[in-house]
>>> print(open('final-v6.csv').read())   # CSV, N, CA and C atoms
chain,number,residue,atom,x,y,z
A,1107,MET,N,-6.9,-118.8,8.8
A,1107,MET,CA,-8.2,-119.5,8.5
A,1107,MET,C,-9.1,-119.2,9.7
A,1108,THR,N,-10.3,-118.7,9.4
A,1108,THR,CA,-11.2,-118.4,10.5
A,1108,THR,C,-12.0,-119.7,10.9
A,1109,SER,N,-12.6,-119.6,12.0
A,1109,SER,CA,-13.4,-120.7,12.5
A,1109,SER,C,-14.5,-121.1,11.6
A,1110,ALA,N,-15.1,-120.1,10.9
A,1110,ALA,CA,-16.2,-120.4,10.0
A,1110,ALA,C,-15.7,-121.3,8.9
A,1111,LEU,N,-14.5,-121.0,8.4
A,1111,LEU,CA,-14.0,-121.8,7.3
A,1111,LEU,C,-13.7,-123.2,7.6
A,1112,THR,N,-13.4,-123.5,8.9
A,1112,THR,CA,-13.1,-124.9,9.3
A,1112,THR,C,-14.4,-125.8,9.2
A,1113,LEU,N,-15.6,-125.2,9.2
A,1113,LEU,CA,-16.8,-125.9,9.1
A,1113,LEU,C,-17.0,-126.4,7.7
A,1114,LEU,N,-16.3,-125.7,6.7
A,1114,LEU,CA,-16.6,-126.0,5.3
A,1114,LEU,C,-15.7,-127.2,4.9
A,1115,GLY,N,-15.8,-127.6,3.6
A,1115,GLY,CA,-15.1,-128.8,3.1
A,1115,GLY,C,-13.6,-128.7,3.3
A,1116,CYS,N,-12.9,-129.8,3.5
A,1116,CYS,CA,-11.5,-129.8,3.6
A,1116,CYS,C,-10.8,-129.6,2.3
A,1117,ALA,N,-9.5,-129.3,2.3
A,1117,ALA,CA,-8.8,-129.0,1.1
A,1117,ALA,C,-8.5,-130.2,0.2
A,1118,THR,N,-8.7,-131.4,0.8
A,1118,THR,CA,-8.4,-132.6,0.0
A,1118,THR,C,-9.4,-132.8,-1.2
A,1119,CYS,N,-10.7,-132.5,-0.9
A,1119,CYS,CA,-11.7,-132.7,-1.9
A,1119,CYS,C,-12.4,-131.4,-2.3
A,1120,ARG,N,-11.9,-130.3,-1.9
A,1120,ARG,CA,-12.5,-129.0,-2.1
A,1120,ARG,C,-12.1,-128.5,-3.5
A,1121,PRO,N,-13.2,-128.1,-4.3
A,1121,PRO,CA,-12.9,-127.5,-5.6
A,1121,PRO,C,-12.3,-126.1,-5.5
A,1122,ALA,N,-11.9,-125.5,-6.5
A,1122,ALA,CA,-11.3,-124.2,-6.5
A,1122,ALA,C,-12.2,-123.2,-5.8
A,1123,ALA,N,-11.6,-122.3,-5.0
A,1123,ALA,CA,-12.4,-121.4,-4.2
A,1123,ALA,C,-13.1,-120.4,-5.1
A,1124,GLY,N,-14.3,-120.1,-4.8
A,1124,GLY,CA,-15.1,-119.1,-5.5
A,1124,GLY,C,-15.9,-119.7,-6.7
A,1125,THR,N,-15.8,-121.0,-6.9
A,1125,THR,CA,-16.6,-121.6,-8.0
A,1125,THR,C,-17.9,-122.0,-7.4
A,1126,ILE,N,-18.8,-122.3,-8.4
A,1126,ILE,CA,-20.2,-122.7,-8.0
A,1126,ILE,C,-20.1,-124.0,-7.2
A,1127,ALA,N,-19.3,-124.9,-7.6
A,1127,ALA,CA,-19.1,-126.2,-7.0
A,1127,ALA,C,-18.7,-126.0,-5.5
A,1128,ALA,N,-17.8,-125.1,-5.3
A,1128,ALA,CA,-17.3,-124.8,-3.9
A,1128,ALA,C,-18.4,-124.2,-3.0
A,1129,GLU,N,-19.2,-123.3,-3.6
A,1129,GLU,CA,-20.3,-122.7,-2.8
A,1129,GLU,C,-21.3,-123.8,-2.5
A,1130,ALA,N,-21.6,-124.7,-3.5
A,1130,ALA,CA,-22.6,-125.7,-3.3
A,1130,ALA,C,-22.1,-126.7,-2.2
A,1131,GLN,N,-20.8,-127.0,-2.2
A,1131,GLN,CA,-20.3,-127.9,-1.2
A,1131,GLN,C,-20.3,-127.3,0.1
A,1132,ASP,N,-20.0,-126.0,0.3
A,1132,ASP,CA,-20.1,-125.3,1.5
A,1132,ASP,C,-21.5,-125.3,2.1
A,1133,ALA,N,-22.5,-125.0,1.2
A,1133,ALA,CA,-23.9,-125.0,1.6
A,1133,ALA,C,-24.3,-126.4,2.0
A,1134,ALA,N,-23.9,-127.4,1.3
A,1134,ALA,CA,-24.3,-128.8,1.7
A,1134,ALA,C,-23.8,-129.1,3.1
A,1135,VAL,N,-22.5,-128.8,3.4
A,1135,VAL,CA,-22.0,-129.0,4.7
A,1135,VAL,C,-22.8,-128.3,5.8
A,1136,ILE,N,-23.2,-127.1,5.6
A,1136,ILE,CA,-23.9,-126.4,6.6
A,1136,ILE,C,-25.3,-127.0,6.7
A,1137,VAL,N,-26.0,-127.4,5.6
A,1137,VAL,CA,-27.3,-128.0,5.7
A,1137,VAL,C,-27.2,-129.3,6.4
A,1138,MET,N,-26.2,-130.1,6.2
A,1138,MET,CA,-26.0,-131.3,7.0
A,1138,MET,C,-25.8,-131.1,8.5
A,1139,LEU,N,-25.0,-130.0,8.8
A,1139,LEU,CA,-24.8,-129.7,10.2
A,1139,LEU,C,-26.1,-129.3,10.9
A,1140,VAL,N,-26.9,-128.5,10.2
A,1140,VAL,CA,-28.2,-128.0,10.7
A,1140,VAL,C,-29.2,-129.2,10.9
A,1141,ALA,N,-29.2,-130.1,9.9
A,1141,ALA,CA,-30.0,-131.3,10.0
A,1141,ALA,C,-29.6,-132.2,11.2
A,1142,LEU,N,-28.3,-132.4,11.4
A,1142,LEU,CA,-27.8,-133.2,12.5
A,1142,LEU,C,-28.2,-132.5,13.8
A,1143,ALA,N,-28.1,-131.2,13.9
A,1143,ALA,CA,-28.4,-130.5,15.1
A,1143,ALA,C,-29.9,-130.6,15.4
A,1144,LEU,N,-30.8,-130.6,14.4
A,1144,LEU,CA,-32.2,-130.8,14.6
A,1144,LEU,C,-32.5,-132.2,15.1
A,1145,ILE,N,-31.9,-133.2,14.5
A,1145,ILE,CA,-32.1,-134.6,14.9
A,1145,ILE,C,-31.7,-134.8,16.3
A,1146,PHE,N,-30.5,-134.3,16.7
A,1146,PHE,CA,-30.0,-134.5,18.0
A,1146,PHE,C,-30.9,-133.7,19.0
A,1147,ALA,N,-31.4,-132.6,18.6
A,1147,ALA,CA,-32.3,-131.8,19.5
A,1147,ALA,C,-33.6,-132.6,19.8
A,1148,VAL,N,-34.1,-133.3,18.8
A,1148,VAL,CA,-35.3,-134.1,18.9
A,1148,VAL,C,-35.0,-135.3,19.8
A,1149,VAL,N,-33.9,-135.9,19.6
A,1149,VAL,CA,-33.5,-137.1,20.4
A,1149,VAL,C,-33.3,-136.7,21.9
A,1150,PHE,N,-32.6,-135.6,22.2
A,1150,PHE,CA,-32.4,-135.1,23.5
A,1150,PHE,C,-33.7,-134.7,24.2
A,1151,TYR,N,-34.6,-134.0,23.4
A,1151,TYR,CA,-35.9,-133.6,24.0
A,1151,TYR,C,-36.7,-134.9,24.3
A,1152,THR,N,-36.7,-135.9,23.5
A,1152,THR,CA,-37.4,-137.1,23.7
A,1152,THR,C,-36.9,-137.8,25.0
A,1153,MET,N,-35.6,-137.8,25.2
A,1153,MET,CA,-35.0,-138.5,26.4
A,1153,MET,C,-35.4,-137.7,27.6
A,1154,PHE,N,-35.4,-136.3,27.5
A,1154,PHE,CA,-35.7,-135.5,28.6
A,1154,PHE,C,-37.2,-135.7,29.0
A,1155,SER,N,-38.1,-135.8,28.0
A,1155,SER,CA,-39.5,-135.9,28.2
A,1155,SER,C,-39.8,-137.3,28.8
A,1156,PHE,N,-39.1,-138.3,28.4
A,1156,PHE,CA,-39.3,-139.6,29.0
A,1156,PHE,C,-38.9,-139.7,30.4
A,1157,SER,N,-37.8,-139.0,30.7
A,1157,SER,CA,-37.3,-139.0,32.1
A,1157,SER,C,-38.2,-138.2,33.0
A,1158,ARG,N,-38.7,-137.1,32.5
A,1158,ARG,CA,-39.7,-136.3,33.3
A,1158,ARG,C,-41.0,-137.1,33.5
A,1159,ARG,N,-41.5,-137.8,32.5
A,1159,ARG,CA,-42.7,-138.6,32.7
A,1159,ARG,C,-42.4,-139.7,33.7
A,1160,GLN,N,-41.3,-140.3,33.6
A,1160,GLN,CA,-40.9,-141.4,34.6
A,1160,GLN,C,-40.9,-140.9,36.0
A,1161,ARG,N,-40.3,-139.7,36.2
A,1161,ARG,CA,-40.2,-139.1,37.5
A,1161,ARG,C,-41.6,-138.8,38.1
A,1162,LYS,N,-42.5,-138.3,37.2
A,1162,LYS,CA,-43.9,-138.0,37.7
A,1162,LYS,C,-44.6,-139.3,38.0
A,1163,PHE,N,-44.4,-140.4,37.2
A,1163,PHE,CA,-45.1,-141.6,37.4
A,1163,PHE,C,-44.6,-142.2,38.7
A,1164,ALA,N,-43.3,-142.1,39.0
A,1164,ALA,CA,-42.7,-142.7,40.2
A,1164,ALA,C,-43.2,-141.9,41.5
A,1165,GLU,N,-43.4,-140.6,41.3
A,1165,GLU,CA,-44.0,-139.9,42.5
A,1165,GLU,C,-45.4,-140.3,42.7
A,1166,ALA,N,-46.2,-140.4,41.6
A,1166,ALA,CA,-47.6,-140.9,41.8
A,1166,ALA,C,-47.7,-142.3,42.4
A,1167,GLU,N,-46.8,-143.1,42.0
A,1167,GLU,CA,-46.7,-144.5,42.5
A,1167,GLU,C,-46.4,-144.5,44.0
A,1168,ALA,N,-45.5,-143.6,44.4
A,1168,ALA,CA,-45.1,-143.5,45.8
A,1168,ALA,C,-46.3,-143.0,46.6
A,1169,LEU,N,-47.0,-142.1,46.1
A,1169,LEU,CA,-48.2,-141.6,46.8
A,1169,LEU,C,-49.3,-142.7,47.0
A,1170,LEU,N,-49.4,-143.5,46.0
A,1170,LEU,CA,-50.4,-144.6,46.1
A,1170,LEU,C,-50.0,-145.6,47.1
A,1171,GLN,N,-48.7,-145.9,47.2
A,1171,GLN,CA,-48.2,-146.9,48.1
A,1171,GLN,C,-48.3,-146.4,49.6
A,1172,HIS,N,-48.3,-145.1,49.8
A,1172,HIS,CA,-48.4,-144.6,51.2
A,1172,HIS,C,-49.8,-144.5,51.6
A,1173,GLN,N,-50.8,-144.6,50.8
A,1173,GLN,CA,-52.2,-144.5,51.1
A,1173,GLN,C,-52.8,-145.8,51.7
>>> encode(input="final-v6.csv", output="structure tokens")
Amino acid sequence: MTSALTLLGCATCRPAAGTIAAEAQDAAVIVMLVALALIFAVVFYTMFSFSRRQRKFAEAEALLQHQ
């Protein structure tokens, strides 16, 4: 079994290979993985953006304190 096949539906609930239902199930799994990747990318970017803004704010605050 290749690594690409492990991303697809498991044998417990998988319909017969080569059927339209199996292809639809495989596509649904890949669509869900892509959707999750996009959601996590947005969450991580938001966290990175907040931390970058906080760092800039802290530097500006430190400059004001020293004046």
>>> atom_distance(input="final-v6.csv", atom1="atom CA of Gln1173 of chain A", atom2="atom CA of Phe1156 of chain A")
26.1 Å
>>> atom_distance(input="final-v6.csv", atom1="atom CA of Ser1155 of chain A", atom2="atom CA of Ala1143 of chain A")
18.0 Å
>>> atom_distance(input="final-v6.csv", atom1="atom N of Leu1144 of chain A", atom2="atom C of Arg1161 of chain A")
27.3 Å
>>> build_atoms(input="final-v6.csv", residues="segment 1144-1155 of chain A", atoms="all heavy atoms", output="compact mmCIF listing (two decimals), in the coordinates of the input")
# COMPACT_ATOMS: atom_id res chain seq x y z
N LEU A 1144 -30.80 -130.60 14.40
CA LEU A 1144 -32.20 -130.80 14.60
C LEU A 1144 -32.50 -132.20 15.10
O LEU A 1144 -33.32 -132.41 16.01
CB LEU A 1144 -32.99 -130.45 13.36
CG LEU A 1144 -33.07 -128.97 13.00
CD1 LEU A 1144 -33.73 -128.80 11.63
CD2 LEU A 1144 -33.83 -128.21 14.06
N ILE A 1145 -31.90 -133.20 14.50
CA ILE A 1145 -32.10 -134.60 14.90
C ILE A 1145 -31.70 -134.80 16.30
O ILE A 1145 -32.38 -135.41 17.10
CB ILE A 1145 -31.36 -135.51 13.90
CG1 ILE A 1145 -32.04 -135.47 12.53
CG2 ILE A 1145 -31.31 -136.93 14.44
CD1 ILE A 1145 -31.26 -136.13 11.42
N PHE A 1146 -30.50 -134.30 16.70
CA PHE A 1146 -30.00 -134.50 18.00
C PHE A 1146 -30.90 -133.70 19.00
O PHE A 1146 -31.12 -134.19 20.15
CB PHE A 1146 -28.55 -134.01 18.19
CG PHE A 1146 -27.57 -135.03 17.69
CD1 PHE A 1146 -26.63 -134.69 16.74
CD2 PHE A 1146 -27.57 -136.33 18.16
CE1 PHE A 1146 -25.73 -135.61 16.27
CE2 PHE A 1146 -26.68 -137.28 17.71
CZ PHE A 1146 -25.74 -136.91 16.76
N ALA A 1147 -31.40 -132.60 18.60
CA ALA A 1147 -32.30 -131.80 19.50
C ALA A 1147 -33.60 -132.60 19.80
O ALA A 1147 -34.06 -132.69 20.94
CB ALA A 1147 -32.66 -130.47 18.90
N VAL A 1148 -34.10 -133.30 18.80
CA VAL A 1148 -35.30 -134.10 18.90
C VAL A 1148 -35.00 -135.30 19.80
O VAL A 1148 -35.80 -135.63 20.73
CB VAL A 1148 -35.88 -134.53 17.57
CG1 VAL A 1148 -36.93 -135.61 17.73
CG2 VAL A 1148 -36.45 -133.34 16.83
N VAL A 1149 -33.90 -135.90 19.60
CA VAL A 1149 -33.50 -137.10 20.40
C VAL A 1149 -33.30 -136.70 21.90
O VAL A 1149 -33.86 -137.34 22.82
CB VAL A 1149 -32.22 -137.75 19.90
CG1 VAL A 1149 -31.66 -138.76 20.88
CG2 VAL A 1149 -32.50 -138.41 18.56
N PHE A 1150 -32.60 -135.60 22.20
CA PHE A 1150 -32.40 -135.10 23.50
C PHE A 1150 -33.70 -134.70 24.20
O PHE A 1150 -33.96 -134.96 25.36
CB PHE A 1150 -31.38 -134.03 23.61
CG PHE A 1150 -29.98 -134.52 23.33
CD1 PHE A 1150 -29.16 -133.81 22.49
CD2 PHE A 1150 -29.50 -135.69 23.89
CE1 PHE A 1150 -27.88 -134.25 22.22
CE2 PHE A 1150 -28.22 -136.15 23.63
CZ PHE A 1150 -27.41 -135.41 22.79
N TYR A 1151 -34.60 -134.00 23.40
CA TYR A 1151 -35.90 -133.60 24.00
C TYR A 1151 -36.70 -134.90 24.30
O TYR A 1151 -37.38 -134.88 25.37
CB TYR A 1151 -36.64 -132.73 23.01
CG TYR A 1151 -38.02 -132.40 23.52
CD1 TYR A 1151 -38.19 -131.46 24.52
CD2 TYR A 1151 -39.14 -133.06 23.03
CE1 TYR A 1151 -39.45 -131.16 25.02
CE2 TYR A 1151 -40.40 -132.78 23.52
CZ TYR A 1151 -40.55 -131.83 24.51
OH TYR A 1151 -41.79 -131.56 25.00
N THR A 1152 -36.70 -135.90 23.50
CA THR A 1152 -37.40 -137.10 23.70
C THR A 1152 -36.90 -137.80 25.00
O THR A 1152 -37.70 -138.23 25.85
CB THR A 1152 -37.34 -138.05 22.55
OG1 THR A 1152 -37.83 -137.38 21.38
CG2 THR A 1152 -38.13 -139.32 22.77
N MET A 1153 -35.60 -137.80 25.20
CA MET A 1153 -35.00 -138.50 26.40
C MET A 1153 -35.40 -137.70 27.60
O MET A 1153 -35.77 -138.25 28.64
CB MET A 1153 -33.50 -138.53 26.23
CG MET A 1153 -33.02 -139.53 25.20
SD MET A 1153 -31.27 -139.42 24.78
CE MET A 1153 -30.49 -139.33 26.34
N PHE A 1154 -35.40 -136.30 27.50
CA PHE A 1154 -35.70 -135.50 28.60
C PHE A 1154 -37.20 -135.70 29.00
O PHE A 1154 -37.59 -135.78 30.16
CB PHE A 1154 -35.45 -134.02 28.30
CG PHE A 1154 -35.89 -133.06 29.34
CD1 PHE A 1154 -35.20 -132.94 30.54
CD2 PHE A 1154 -37.02 -132.28 29.14
CE1 PHE A 1154 -35.62 -132.05 31.51
CE2 PHE A 1154 -37.44 -131.38 30.10
CZ PHE A 1154 -36.74 -131.27 31.29
N SER A 1155 -38.10 -135.80 28.00
CA SER A 1155 -39.50 -135.90 28.20
C SER A 1155 -39.80 -137.30 28.80
O SER A 1155 -40.61 -137.35 29.76
CB SER A 1155 -40.22 -135.83 26.83
OG SER A 1155 -41.58 -136.11 26.97
